[in-house]
Number of protein chains: 2
Amino acid sequence: MNTTQTTVKMIFDRWNSLNKSFDEILNAVTDQQLEKEIAPNKNRGIYLLGHLVAVHDAMLPLLDFGDKLFPELADPFLTSPDKSVANLPAAKELREKWVKINDILNQNFDRLKPEQWFERHTAVSDEDFIKEPHRNKLNIMITRSTHLAYHTGQFILLK
Amino acid sequence: MNTTQTTVKMIFDRWNSLNKSFDEILNAVTDQQLEKEIAPNKNRGIYLLGHLVAVHDAMLPLLDFGDKLFPELADPFLTSPDKSVANLPAAKELREKWVKINDILNQNFDRLKPEQWFERHTAVSDEDFIKEPHRNKLNIMITRSTHLAYHTGQFILLK
């Protein structure tokens with residue numbers, strides 16, 4: 001195993017482990033619990049779930065895997081704070097979309113060779129990438145892993 | 001910049017950014033706020049702070065940087081749940097220890113060359129490391145980054 005392969009394995013071991021932990025919590029909480037705030041006057045579980053679906057969905061174009069599956073989730077869960085949008089999607093729908101987006105991401109992840117993770121992501125130009133080679137696809141996985149960990153620490157408070 | 005250098009930069013950019021975020025929250029909350037629970041019947045801020053000091057302290061032996069600075073924090077903040085130990089250290093003391101452990105870690109980090117981060121950490125044997133080269137020092141940084149992110153997501157609820 002060379003350094004590139006080892007690095008990609010480390011990052012994906014962590015990503016997969018975090019997703020598994022989040023799924024275990026999500027499967028353990030009811031739709032009713034999702035309506036609760038994680039702490040008094042803070043975001044509700046349902047908002048965090050929708051937020052994570054929207055953030056993972058945005059990884060598709062960023063990693064050059066194609067268009068978002070659920071662009072309609074950006075407004076309620078990325079640009080708007082919780083409790084500011086009436087008629088959020090139902091918990092059942094968000095649970096299904098969470099499974100769907102992660103399935104599609106995993107299918108795309110499997111197609112990339114280790115060295116391709118060190119290629120640029122789509123938010124950086126070819127020109128800038130020469131000077132800043134750390135702005136690669138693997139870096140997206142690193143930042144989205146800590147993002148998922150951050151919200152998992154909150155989501156578990158619903159239990 | 002080769003792949004090894006790029007990888008180490010990515011991981012440390014994330015680590016440093018997470019530490020900065022945590023410090024900003026810690027500096028914004030009072031000792032009185034630290035006594036509060038992050039959510040009803042959950043851990044208190046002071047416990048999370050002590051827990052993070054103890055976990056970062058344990059990185060010293062794990063990364064072969066020497067002995068723990070504060071081994072006395074393991075019992076109250078690693079093996080015992082919150083509210084089970086009387087007489088926890090004062091907030092002021094834990095704040096100072098948090099600064100101290102991260103200073104010492106940073107001094108040690110600066111001494112390692114990028115390729116040394118791919119050497120084994122001390123919890124894995126030479127023999128096992130041949131088969132599992134991902135059990136290296138950089139992997140400790142990855143798992144501790146997501147650990148810090150997880151608790152930062154909780155700690156911010158004190159504000």
# chains A, B, ... in the order shown; residues from 1 in each chain; ligands from 1

$ interface_residues --of "chain B" --to "chain A" --cutoff "6 Å" --atoms "only C-alpha atoms" --output "list in words"
Thr6, Ala39, His134, Thr146, Ala149, Tyr150, His151, Gly153 and Gln154 of chain B

$ write_last_selection --atoms "N, CA, C and O atoms" --output "PDB file, in the first residue's frame"
ATOM      1  N   THR B   6       1.084  17.358   0.887  1.00  0.00           N
ATOM      2  CA  THR B   6      -0.282  17.861   0.696  1.00  0.00           C
ATOM      3  C   THR B   6      -1.225  17.256   1.725  1.00  0.00           C
ATOM      4  O   THR B   6      -2.059  17.952   2.321  1.00  0.00           O
ATOM      5  N   ALA B  39     -27.416  20.379  27.244  1.00  0.00           N
ATOM      6  CA  ALA B  39     -28.849  20.158  27.019  1.00  0.00           C
ATOM      7  C   ALA B  39     -29.356  19.506  28.301  1.00  0.00           C
ATOM      8  O   ALA B  39     -28.547  18.971  29.076  1.00  0.00           O
ATOM      9  N   HIS B 134      -2.227   1.928   7.795  1.00  0.00           N
ATOM     10  CA  HIS B 134      -3.061   3.103   8.069  1.00  0.00           C
ATOM     11  C   HIS B 134      -3.093   3.424   9.568  1.00  0.00           C
ATOM     12  O   HIS B 134      -3.589   4.481   9.955  1.00  0.00           O
ATOM     13  N   THR B 146     -12.117  14.656  14.286  1.00  0.00           N
ATOM     14  CA  THR B 146     -13.567  14.443  14.283  1.00  0.00           C
ATOM     15  C   THR B 146     -14.093  14.387  15.716  1.00  0.00           C
ATOM     16  O   THR B 146     -15.219  14.796  15.988  1.00  0.00           O
ATOM     17  N   ALA B 149     -14.483  17.968  16.689  1.00  0.00           N
ATOM     18  CA  ALA B 149     -15.640  18.538  15.988  1.00  0.00           C
ATOM     19  C   ALA B 149     -16.940  18.118  16.668  1.00  0.00           C
ATOM     20  O   ALA B 149     -17.855  18.928  16.860  1.00  0.00           O
ATOM     21  N   TYR B 150     -17.027  16.839  17.018  1.00  0.00           N
ATOM     22  CA  TYR B 150     -18.220  16.274  17.679  1.00  0.00           C
ATOM     23  C   TYR B 150     -18.547  17.066  18.952  1.00  0.00           C
ATOM     24  O   TYR B 150     -19.685  17.503  19.153  1.00  0.00           O
ATOM     25  N   HIS B 151     -17.537  17.262  19.783  1.00  0.00           N
ATOM     26  CA  HIS B 151     -17.796  17.961  21.050  1.00  0.00           C
ATOM     27  C   HIS B 151     -17.922  19.476  20.871  1.00  0.00           C
ATOM     28  O   HIS B 151     -18.566  20.134  21.689  1.00  0.00           O
ATOM     29  N   GLY B 153     -19.573  20.801  18.461  1.00  0.00           N
ATOM     30  CA  GLY B 153     -20.992  20.918  18.119  1.00  0.00           C
ATOM     31  C   GLY B 153     -21.869  20.961  19.359  1.00  0.00           C
ATOM     32  O   GLY B 153     -22.954  21.564  19.348  1.00  0.00           O
ATOM     33  N   GLN B 154     -21.398  20.323  20.429  1.00  0.00           N
ATOM     34  CA  GLN B 154     -22.139  20.351  21.701  1.00  0.00           C
ATOM     35  C   GLN B 154     -21.777  21.590  22.519  1.00  0.00           C
ATOM     36  O   GLN B 154     -22.643  22.241  23.110  1.00  0.00           O
TER      37      GLN B 154
END

$ select_by_dssp --residues "chain A" --states "strand (DSSP E or B)" --output "PDB file with C-alpha atoms, in the first residue's frame"
ATOM      1  CA  GLU A  37     -34.921  20.866  19.640  1.00  0.00           C
ATOM      2  CA  ARG A  44     -34.557  20.860  15.765  1.00  0.00           C
ATOM      3  CA  ARG A 120      -8.944  19.430  -7.917  1.00  0.00           C
ATOM      4  CA  ASN A 136      -8.494  18.603  -3.915  1.00  0.00           C
TER       5      ASN A 136
END

$ atom_distance --atom1 "atom CA of A:Leu52" --atom2 "atom CA of A:Arg95"
10.8 Å

$ select_by_dssp --residues "stretch 8-118 of chain B" --states "helix (DSSP H, G or I)" --output "PyMOL selection string"
chain B and resi 8-28+31-34+45-57+59-62+71-79+91-111+114-118

$ residues_around --residues "A:Phe70" --least-positions-apart "6" --cutoff "9 Å" --atoms "only C-alpha atoms" --output "PyMOL selection string"
chain A and resi 53-54+57-58+97+101

$ write_last_selection --atoms "C-alpha atoms" --output "short mmCIF file (atom, residue, chain, number, x, y, z; two decimals), in the first residue's frame"
data_model
loop_
_atom_site.label_atom_id
_atom_site.label_comp_id
_atom_site.auth_asym_id
_atom_site.auth_seq_id
_atom_site.Cartn_x
_atom_site.Cartn_y
_atom_site.Cartn_z
CA VAL A 53 -28.93 15.82 3.31
CA ALA A 54 -28.45 19.19 1.59
CA ASP A 57 -26.14 16.52 -1.88
CA ALA A 58 -23.93 19.52 -2.65
CA LYS A 97 -33.39 11.27 0.84
CA ILE A 101 -27.87 10.67 -1.38
#

$ closest_residue --among "A:Trp117, A:Leu73, A:Leu26, A:Ile104" --to "A:Val85" --atoms "only C-alpha atoms"
A:Leu73

$ atom_distance --atom1 "atom CA of B:Glu72" --atom2 "atom CA of B:Phe12"
28.0 Å

$ closest_residue --among "A:Ala28, A:Val124, A:Leu48, A:Leu60" --to "A:Pro81" --atoms "only C-alpha atoms"
A:Leu48
